[in-house]
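Structure record follows, encoded as structure tokens.
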Amino acid sequence: MQKRLAHKILLKEFKNDPGLVAGADVAYSRNSGTLFAAILIFKFPMMKLVELSSARGKAEFPYIPGLLSFREIPVLLEAAERAFLQPDIIICDGQGIAHPRRLGLASHLGLLLDLPSVGCAKSRLVGEYGELGEEVGSTSKIVYKGKPVGAVVRTRKKVKPVFVSPGYKVDLKGAIRVVLDAGRGYRIPEPVRQAHLTVNRLRKEEEA
DNA sequence: GCGACAG
DNA sequence: ATCTTGTCGC
């Protein structure tokens with residue numbers, strides 16, 4: 001049972017309009033054992049925030065590498081169900097198919113919502129990859145058990161690359177393109193970055 | 001048994 | 001992920 005927090009529809013006239021990119025992230029408050037989830041939807045390509053949806057709930061499952069979905073999916077689903085707008089694709093802070101079971105957080109969420117999804121993690125879970133160029137946009141394929149499952153992508157010069165992998169109903173090319181196109185000069189693509197700032201803001205104000 | 005290990 | 005301030009580098 002998740003409790004609703006904030007839900008803002010900033011530009012509802014964009015309902016059903018194409019070009020909506022969403023970002024999702026979750027934060028955890030140890031003190032209260034609470035998880036905060038936020039899904040922010042942006043109008044592409046100007047990247048104008050059009051909706052912010054969030055939810056909170058008690059963490060019912062521990063963090064176990066490979067089983068992140070069991071911990072974060074419930075609260076993320078609650079936030080997603082609260083959203084009025086229907087994004088065309090959602091970028092998650094975690095892996096897509098670059099996962100032991102080919103079902104990382106992004107894949108799992110996309111499947112449950114029947115929504116195209118992309119995984120954009122800050123570090124590796126599985127797979128091997130080679131060095132990549134230092135220019136923004138450089139990529140290097142991530143191979144797991146002989147199969148390409150994603151790519152490390154340079155979103156900023158002199159900064160550690162992000163780990164991109166297809167989530168659901170998108171291929172690697174598309175996943176990489178979305179991450180780069182939705183970026184705003186920061187390492188993390190804007191939708192996910194803003195979702196991250198949002199959940200931490202929610203966590204802070206509760207701990208306060 | 002040892003090392004690896006999204007958030 | 002979270003605990004935490006200033007600080008060195010581009």
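In the structure tokens, chains take the letters A, B, ... in the order shown, each chain's residues start at 1, and ligands count up from 1 in the order shown.
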
- Task: Enumerate as an MDAnalysis selection string all residues of region 5-135 of chain A assigned to strand (DSSP E) by DSSP on the backbone, naming them with the chain letters and numbers the document uses.
- Result: chainID A and resid 5:9 20:29 34:43 48:58 89:92 117:121 128:129

- Can you tell me, as a ChimeraX atom specification, what residues are no more than 12 Å from DC10 (chain C) when counting only C-alpha atoms (C1' of nucleotides), ignoring any on the same chain fewer than 3 positions away? /A:156-159

- Message: Taking 6 positions as the minimum chain separation for residues in the same chain, which residues sit within 7 Å of region 19-21 of chain A when counting only C-alpha atoms (C1' of nucleotides)? Answer as a list in words.
- Response: Ile41, Phe42, Lys43, Phe44, Pro87, Asp88, Ile89 and Ile90 of chain A

The selected residues should be written to file as an mmCIF file, in the first residue's frame (atoms: N, CA, C and O atoms).
data_model
loop_
_atom_site.group_PDB
_atom_site.id
_atom_site.type_symbol
_atom_site.label_atom_id
_atom_site.label_comp_id
_atom_site.auth_asym_id
_atom_site.auth_seq_id
_atom_site.Cartn_x
_atom_site.Cartn_y
_atom_site.Cartn_z
ATOM 1 N N ILE A 41 7.788 13.849 -16.385
ATOM 2 C CA ILE A 41 7.575 13.761 -17.820
ATOM 3 C C ILE A 41 7.924 15.077 -18.500
ATOM 4 O O ILE A 41 7.471 16.141 -18.071
ATOM 5 N N PHE A 42 8.740 14.973 -19.532
ATOM 6 C CA PHE A 42 9.192 16.160 -20.262
ATOM 7 C C PHE A 42 8.743 16.131 -21.708
ATOM 8 O O PHE A 42 8.660 15.076 -22.335
ATOM 9 N N LYS A 43 8.453 17.327 -22.224
ATOM 10 C CA LYS A 43 8.074 17.474 -23.619
ATOM 11 C C LYS A 43 9.376 17.542 -24.401
ATOM 12 O O LYS A 43 10.230 18.377 -24.136
ATOM 13 N N PHE A 44 9.511 16.615 -25.337
ATOM 14 C CA PHE A 44 10.722 16.550 -26.151
ATOM 15 C C PHE A 44 10.497 17.295 -27.467
ATOM 16 O O PHE A 44 9.386 17.283 -27.982
ATOM 17 N N PRO A 87 3.637 8.990 -21.232
ATOM 18 C CA PRO A 87 4.899 9.254 -21.937
ATOM 19 C C PRO A 87 5.109 8.248 -23.064
ATOM 20 O O PRO A 87 4.476 7.190 -23.105
ATOM 21 N N ASP A 88 5.971 8.602 -23.997
ATOM 22 C CA ASP A 88 6.265 7.701 -25.115
ATOM 23 C C ASP A 88 7.353 6.722 -24.722
ATOM 24 O O ASP A 88 7.480 5.641 -25.305
ATOM 25 N N ILE A 89 8.150 7.140 -23.748
ATOM 26 C CA ILE A 89 9.243 6.284 -23.284
ATOM 27 C C ILE A 89 9.689 6.749 -21.909
ATOM 28 O O ILE A 89 9.557 7.926 -21.571
ATOM 29 N N ILE A 90 10.194 5.819 -21.135
ATOM 30 C CA ILE A 90 10.645 6.188 -19.788
ATOM 31 C C ILE A 90 12.061 5.687 -19.552
ATOM 32 O O ILE A 90 12.412 4.561 -19.934
#

Using 6 Å as the limit and counting only C-alpha atoms (C1' of nucleotides), can you tabulate each residue of chain A that touches chain B, with its shortest atom-to-atom distance in Å and the two atoms involved, as a tab-separated table?
residue	atom	partner	partner_atom	distance
A:Pro65	CA	B:DC5	C1'	5.6
A:Gly94	CA	B:DA6	C1'	5.0
A:Gln95	CA	B:DA6	C1'	5.8
A:Leu125	CA	B:DA6	C1'	5.6

- Message: Give me the residues near DT2 (chain C) as a ChimeraX atom specification, where near means some atom within 8 Å (using only C-alpha atoms (C1' of nucleotides)) and where sequence neighbours in that chain fewer than 5 positions away do not count.
- Response: /A:28-30

Requested write-out: all heavy atoms of the selected residues, as a PDB file, in the first residue's frame:
ATOM      1  N   TYR A  28      15.762   6.377  -0.772  1.00  0.00           N
ATOM      2  CA  TYR A  28      15.419   5.634   0.444  1.00  0.00           C
ATOM      3  C   TYR A  28      15.801   6.386   1.713  1.00  0.00           C
ATOM      4  O   TYR A  28      16.882   6.944   1.823  1.00  0.00           O
ATOM      5  CB  TYR A  28      16.142   4.294   0.422  1.00  0.00           C
ATOM      6  CG  TYR A  28      15.959   3.463   1.651  1.00  0.00           C
ATOM      7  CD1 TYR A  28      14.700   2.993   2.015  1.00  0.00           C
ATOM      8  CD2 TYR A  28      17.053   3.141   2.465  1.00  0.00           C
ATOM      9  CE1 TYR A  28      14.527   2.203   3.161  1.00  0.00           C
ATOM     10  CE2 TYR A  28      16.892   2.350   3.613  1.00  0.00           C
ATOM     11  CZ  TYR A  28      15.629   1.890   3.949  1.00  0.00           C
ATOM     12  OH  TYR A  28      15.462   1.123   5.070  1.00  0.00           O
ATOM     13  N   SER A  29      14.916   6.377   2.664  1.00  0.00           N
ATOM     14  CA  SER A  29      15.175   7.027   3.948  1.00  0.00           C
ATOM     15  C   SER A  29      15.339   5.922   4.979  1.00  0.00           C
ATOM     16  O   SER A  29      14.374   5.236   5.334  1.00  0.00           O
ATOM     17  CB  SER A  29      13.992   7.923   4.323  1.00  0.00           C
ATOM     18  OG  SER A  29      14.213   8.475   5.612  1.00  0.00           O
ATOM     19  N   ARG A  30      16.540   5.722   5.459  1.00  0.00           N
ATOM     20  CA  ARG A  30      16.809   4.638   6.405  1.00  0.00           C
ATOM     21  C   ARG A  30      16.047   4.846   7.708  1.00  0.00           C
ATOM     22  O   ARG A  30      15.524   3.890   8.296  1.00  0.00           O
ATOM     23  CB  ARG A  30      18.298   4.574   6.745  1.00  0.00           C
ATOM     24  CG  ARG A  30      19.193   5.378   5.925  1.00  0.00           C
ATOM     25  CD  ARG A  30      20.627   5.001   6.216  1.00  0.00           C
ATOM     26  NE  ARG A  30      20.724   3.656   6.769  1.00  0.00           N
ATOM     27  CZ  ARG A  30      21.846   2.969   6.867  1.00  0.00           C
ATOM     28  NH1 ARG A  30      22.957   3.504   6.445  1.00  0.00           N
ATOM     29  NH2 ARG A  30      21.866   1.772   7.385  1.00  0.00           N
TER      30      ARG A  30
END

Determine which residues of chain A sit within 12 Å of chain C, taking into account only C-alpha atoms (C1' of nucleotides), and present them as a PDB file with N, CA and C atoms, in the first residue's frame.
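Dumped to selection-v7.pdb:
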ATOM      1  N   ASP A  25      13.050   7.655 -10.762  1.00  0.00           N
ATOM      2  CA  ASP A  25      14.091   7.331  -9.787  1.00  0.00           C
ATOM      3  C   ASP A  25      13.458   7.121  -8.414  1.00  0.00           C
ATOM      4  N   VAL A  26      14.233   6.500  -7.530  1.00  0.00           N
ATOM      5  CA  VAL A  26      13.753   6.184  -6.184  1.00  0.00           C
ATOM      6  C   VAL A  26      14.820   6.539  -5.159  1.00  0.00           C
ATOM      7  N   ALA A  27      14.385   6.992  -3.999  1.00  0.00           N
ATOM      8  CA  ALA A  27      15.315   7.327  -2.915  1.00  0.00           C
ATOM      9  C   ALA A  27      14.839   6.592  -1.674  1.00  0.00           C
ATOM     10  N   TYR A  28      15.762   6.377  -0.772  1.00  0.00           N
ATOM     11  CA  TYR A  28      15.419   5.634   0.444  1.00  0.00           C
ATOM     12  C   TYR A  28      15.801   6.386   1.713  1.00  0.00           C
ATOM     13  N   SER A  29      14.916   6.377   2.664  1.00  0.00           N
ATOM     14  CA  SER A  29      15.175   7.027   3.948  1.00  0.00           C
ATOM     15  C   SER A  29      15.339   5.922   4.979  1.00  0.00           C
ATOM     16  N   ARG A  30      16.540   5.722   5.459  1.00  0.00           N
ATOM     17  CA  ARG A  30      16.809   4.638   6.405  1.00  0.00           C
ATOM     18  C   ARG A  30      16.047   4.846   7.708  1.00  0.00           C
ATOM     19  N   ASN A  31      16.025   6.073   8.141  1.00  0.00           N
ATOM     20  CA  ASN A  31      15.353   6.379   9.400  1.00  0.00           C
ATOM     21  C   ASN A  31      13.917   5.869   9.450  1.00  0.00           C
ATOM     22  N   GLY A  33      12.606   3.946   6.882  1.00  0.00           N
ATOM     23  CA  GLY A  33      12.460   2.741   6.081  1.00  0.00           C
ATOM     24  C   GLY A  33      11.518   2.991   4.912  1.00  0.00           C
ATOM     25  N   THR A  34      11.489   4.239   4.486  1.00  0.00           N
ATOM     26  CA  THR A  34      10.582   4.638   3.404  1.00  0.00           C
ATOM     27  C   THR A  34      11.262   4.818   2.050  1.00  0.00           C
ATOM     28  N   LEU A  35      10.523   4.470   1.001  1.00  0.00           N
ATOM     29  CA  LEU A  35      11.024   4.645  -0.364  1.00  0.00           C
ATOM     30  C   LEU A  35      10.206   5.764  -1.007  1.00  0.00           C
ATOM     31  N   PHE A  36      10.873   6.647  -1.716  1.00  0.00           N
ATOM     32  CA  PHE A  36      10.206   7.735  -2.423  1.00  0.00           C
ATOM     33  C   PHE A  36      10.456   7.535  -3.912  1.00  0.00           C
ATOM     34  N   PRO A  62      14.637  -6.046   0.695  1.00  0.00           N
ATOM     35  CA  PRO A  62      15.994  -5.489   0.802  1.00  0.00           C
ATOM     36  C   PRO A  62      16.651  -5.324  -0.559  1.00  0.00           C
ATOM     37  N   TYR A  63      17.715  -4.582  -0.575  1.00  0.00           N
ATOM     38  CA  TYR A  63      18.426  -4.405  -1.841  1.00  0.00           C
ATOM     39  C   TYR A  63      19.339  -5.605  -2.019  1.00  0.00           C
ATOM     40  N   ILE A  64      19.152  -6.305  -3.102  1.00  0.00           N
ATOM     41  CA  ILE A  64      19.984  -7.455  -3.434  1.00  0.00           C
ATOM     42  C   ILE A  64      20.340  -7.288  -4.908  1.00  0.00           C
ATOM     43  N   LEU A  68      16.807  -5.788  -7.659  1.00  0.00           N
ATOM     44  CA  LEU A  68      16.397  -4.415  -7.344  1.00  0.00           C
ATOM     45  C   LEU A  68      14.915  -4.162  -7.612  1.00  0.00           C
ATOM     46  N   ARG A  71      12.334  -4.483  -4.890  1.00  0.00           N
ATOM     47  CA  ARG A  71      12.366  -3.415  -3.890  1.00  0.00           C
ATOM     48  C   ARG A  71      11.726  -2.119  -4.411  1.00  0.00           C
ATOM     49  N   GLU A  72      12.084  -1.730  -5.616  1.00  0.00           N
ATOM     50  CA  GLU A  72      11.608  -0.447  -6.149  1.00  0.00           C
ATOM     51  C   GLU A  72      10.377  -0.421  -7.053  1.00  0.00           C
ATOM     52  N   ASP A  93      16.642   4.709 -13.629  1.00  0.00           N
ATOM     53  CA  ASP A  93      17.957   4.732 -12.998  1.00  0.00           C
ATOM     54  C   ASP A  93      18.297   3.293 -12.616  1.00  0.00           C
ATOM     55  N   ARG A 156      29.443  13.055 -20.974  1.00  0.00           N
ATOM     56  CA  ARG A 156      30.179  14.268 -20.612  1.00  0.00           C
ATOM     57  C   ARG A 156      31.656  13.965 -20.756  1.00  0.00           C
ATOM     58  N   LYS A 157      32.408  14.951 -21.151  1.00  0.00           N
ATOM     59  CA  LYS A 157      33.846  14.747 -21.299  1.00  0.00           C
ATOM     60  C   LYS A 157      34.482  14.571 -19.923  1.00  0.00           C
ATOM     61  N   LYS A 158      35.494  13.740 -19.879  1.00  0.00           N
ATOM     62  CA  LYS A 158      36.234  13.530 -18.638  1.00  0.00           C
ATOM     63  C   LYS A 158      35.393  13.033 -17.465  1.00  0.00           C
ATOM     64  N   VAL A 159      34.272  12.424 -17.783  1.00  0.00           N
ATOM     65  CA  VAL A 159      33.390  11.930 -16.728  1.00  0.00           C
ATOM     66  C   VAL A 159      33.055  10.470 -17.006  1.00  0.00           C
ATOM     67  N   HIS A 196      15.735  12.314  -9.818  1.00  0.00           N
ATOM     68  CA  HIS A 196      16.644  12.077  -8.697  1.00  0.00           C
ATOM     69  C   HIS A 196      16.592  13.241  -7.719  1.00  0.00           C
ATOM     70  N   ASN A 200      14.998  13.027  -3.713  1.00  0.00           N
ATOM     71  CA  ASN A 200      15.838  13.403  -2.574  1.00  0.00           C
ATOM     72  C   ASN A 200      15.254  14.607  -1.852  1.00  0.00           C
ATOM     73  N   ARG A 203      12.507  13.194   0.277  1.00  0.00           N
ATOM     74  CA  ARG A 203      13.079  12.479   1.421  1.00  0.00           C
ATOM     75  C   ARG A 203      13.519  13.464   2.489  1.00  0.00           C
TER      76      ARG A 203
END

- Pull the alpha helix (DSSP H) assignments for chain A out of DSSP run on the backbone, and list those residues as a ChimeraX atom specification. /A:68-82,105-113,172-181,190-207

Residues from last step as file, N, CA and C atoms, as a short mmCIF file (atom, residue, chain, number, x, y, z; two decimals), in the first residue's frame:
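So result_4.cif came out as:
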data_model
loop_
_atom_site.label_atom_id
_atom_site.label_comp_id
_atom_site.auth_asym_id
_atom_site.auth_seq_id
_atom_site.Cartn_x
_atom_site.Cartn_y
_atom_site.Cartn_z
N LEU A 68 16.81 -5.79 -7.66
CA LEU A 68 16.40 -4.41 -7.34
C LEU A 68 14.92 -4.16 -7.61
N SER A 69 14.39 -4.78 -8.66
CA SER A 69 12.98 -4.60 -9.01
C SER A 69 12.03 -4.90 -7.85
N PHE A 70 12.29 -5.97 -7.14
CA PHE A 70 11.40 -6.36 -6.05
C PHE A 70 11.31 -5.27 -4.98
N ARG A 71 12.33 -4.48 -4.89
CA ARG A 71 12.37 -3.42 -3.89
C ARG A 71 11.73 -2.12 -4.41
N GLU A 72 12.08 -1.73 -5.62
CA GLU A 72 11.61 -0.45 -6.15
C GLU A 72 10.38 -0.42 -7.05
N ILE A 73 10.03 -1.56 -7.64
CA ILE A 73 8.89 -1.58 -8.55
C ILE A 73 7.55 -1.15 -7.92
N PRO A 74 7.22 -1.62 -6.72
CA PRO A 74 5.94 -1.24 -6.11
C PRO A 74 5.69 0.26 -6.03
N VAL A 75 6.64 0.98 -5.47
CA VAL A 75 6.46 2.43 -5.33
C VAL A 75 6.53 3.14 -6.68
N LEU A 76 7.31 2.57 -7.60
CA LEU A 76 7.42 3.18 -8.94
C LEU A 76 6.08 3.01 -9.67
N LEU A 77 5.46 1.85 -9.50
CA LEU A 77 4.18 1.60 -10.16
C LEU A 77 3.13 2.56 -9.63
N GLU A 78 3.17 2.79 -8.33
CA GLU A 78 2.21 3.70 -7.72
C GLU A 78 2.36 5.09 -8.33
N ALA A 79 3.60 5.53 -8.47
CA ALA A 79 3.85 6.86 -9.05
C ALA A 79 3.39 6.87 -10.50
N ALA A 80 3.62 5.79 -11.21
CA ALA A 80 3.24 5.72 -12.63
C ALA A 80 1.72 5.75 -12.79
N GLU A 81 1.03 5.05 -11.91
CA GLU A 81 -0.43 5.01 -12.00
C GLU A 81 -1.04 6.37 -11.68
N ARG A 82 -0.31 7.17 -10.95
CA ARG A 82 -0.81 8.49 -10.58
C ARG A 82 -0.63 9.49 -11.73
N LEU A 105 15.54 -3.45 -13.69
CA LEU A 105 14.47 -2.55 -13.27
C LEU A 105 13.73 -1.88 -14.43
N ALA A 106 14.49 -1.37 -15.38
CA ALA A 106 13.87 -0.68 -16.52
C ALA A 106 13.01 -1.64 -17.35
N SER A 107 13.52 -2.83 -17.59
CA SER A 107 12.77 -3.82 -18.37
C SER A 107 11.50 -4.22 -17.64
N HIS A 108 11.65 -4.45 -16.36
CA HIS A 108 10.53 -4.88 -15.53
C HIS A 108 9.42 -3.82 -15.49
N LEU A 109 9.82 -2.58 -15.30
CA LEU A 109 8.84 -1.49 -15.23
C LEU A 109 8.16 -1.30 -16.58
N GLY A 110 8.95 -1.32 -17.66
CA GLY A 110 8.37 -1.14 -18.99
C GLY A 110 7.36 -2.24 -19.30
N LEU A 111 7.71 -3.45 -18.93
CA LEU A 111 6.83 -4.59 -19.17
C LEU A 111 5.51 -4.43 -18.43
N LEU A 112 5.58 -4.10 -17.17
CA LEU A 112 4.37 -3.94 -16.36
C LEU A 112 3.49 -2.78 -16.83
N LEU A 113 4.12 -1.75 -17.36
CA LEU A 113 3.37 -0.58 -17.82
C LEU A 113 3.09 -0.65 -19.32
N LEU A 172 18.98 -1.27 -28.78
CA LEU A 172 20.14 -0.58 -28.22
C LEU A 172 20.37 0.78 -28.87
N LYS A 173 20.21 0.83 -30.18
CA LYS A 173 20.41 2.10 -30.89
C LYS A 173 19.46 3.15 -30.34
N GLY A 174 18.20 2.75 -30.21
CA GLY A 174 17.19 3.68 -29.71
C GLY A 174 17.46 4.10 -28.28
N ALA A 175 17.91 3.16 -27.48
CA ALA A 175 18.19 3.45 -26.07
C ALA A 175 19.29 4.50 -25.95
N ILE A 176 20.34 4.28 -26.73
CA ILE A 176 21.48 5.21 -26.69
C ILE A 176 21.04 6.59 -27.19
N ARG A 177 20.25 6.60 -28.26
CA ARG A 177 19.80 7.87 -28.83
C ARG A 177 18.97 8.67 -27.83
N VAL A 178 18.07 7.99 -27.16
CA VAL A 178 17.23 8.68 -26.17
C VAL A 178 18.06 9.28 -25.05
N VAL A 179 19.00 8.48 -24.55
CA VAL A 179 19.84 8.98 -23.46
C VAL A 179 20.64 10.21 -23.88
N LEU A 180 21.19 10.17 -25.08
CA LEU A 180 21.97 11.31 -25.54
C LEU A 180 21.09 12.51 -25.87
N ASP A 181 19.97 12.27 -26.54
CA ASP A 181 19.08 13.36 -26.92
C ASP A 181 18.37 14.02 -25.74
N GLU A 190 18.61 14.41 -18.38
CA GLU A 190 17.74 15.32 -17.64
C GLU A 190 16.50 14.72 -16.95
N PRO A 191 15.73 13.89 -17.61
CA PRO A 191 14.54 13.32 -16.94
C PRO A 191 14.90 12.55 -15.66
N VAL A 192 15.93 11.75 -15.75
CA VAL A 192 16.35 10.94 -14.60
C VAL A 192 17.01 11.83 -13.55
N ARG A 193 17.76 12.78 -14.03
CA ARG A 193 18.44 13.70 -13.11
C ARG A 193 17.42 14.48 -12.29
N GLN A 194 16.40 14.98 -12.95
CA GLN A 194 15.37 15.73 -12.25
C GLN A 194 14.56 14.83 -11.31
N ALA A 195 14.36 13.59 -11.73
CA ALA A 195 13.60 12.65 -10.89
C ALA A 195 14.43 12.39 -9.63
N HIS A 196 15.74 12.31 -9.82
CA HIS A 196 16.64 12.08 -8.70
C HIS A 196 16.59 13.24 -7.72
N LEU A 197 16.64 14.45 -8.23
CA LEU A 197 16.59 15.64 -7.38
C LEU A 197 15.26 15.67 -6.64
N THR A 198 14.22 15.28 -7.32
CA THR A 198 12.88 15.29 -6.73
C THR A 198 12.73 14.31 -5.56
N VAL A 199 13.14 13.07 -5.76
CA VAL A 199 12.99 12.10 -4.68
C VAL A 199 13.83 12.45 -3.45
N ASN A 200 15.00 13.03 -3.71
CA ASN A 200 15.84 13.40 -2.57
C ASN A 200 15.25 14.61 -1.85
N ARG A 201 14.55 15.44 -2.58
CA ARG A 201 13.91 16.62 -2.01
C ARG A 201 12.77 16.12 -1.11
N LEU A 202 12.01 15.14 -1.61
CA LEU A 202 10.90 14.58 -0.86
C LEU A 202 11.41 13.90 0.41
N ARG A 203 12.51 13.19 0.28
CA ARG A 203 13.08 12.48 1.42
C ARG A 203 13.52 13.46 2.49
N LYS A 204 14.22 14.49 2.05
CA LYS A 204 14.70 15.52 2.98
C LYS A 204 13.58 16.18 3.75
N GLU A 205 12.54 16.59 3.05
CA GLU A 205 11.46 17.31 3.74
C GLU A 205 10.70 16.41 4.70
N GLU A 206 10.80 15.09 4.50
CA GLU A 206 10.12 14.23 5.47
C GLU A 206 11.01 14.03 6.70
N GLU A 207 12.31 13.94 6.43
CA GLU A 207 13.25 13.76 7.53
C GLU A 207 13.36 15.03 8.35
#

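If you look at CA of Leu132 (chain A) and CA of Cys92 (chain A), they are 22.7 Å away from each other.
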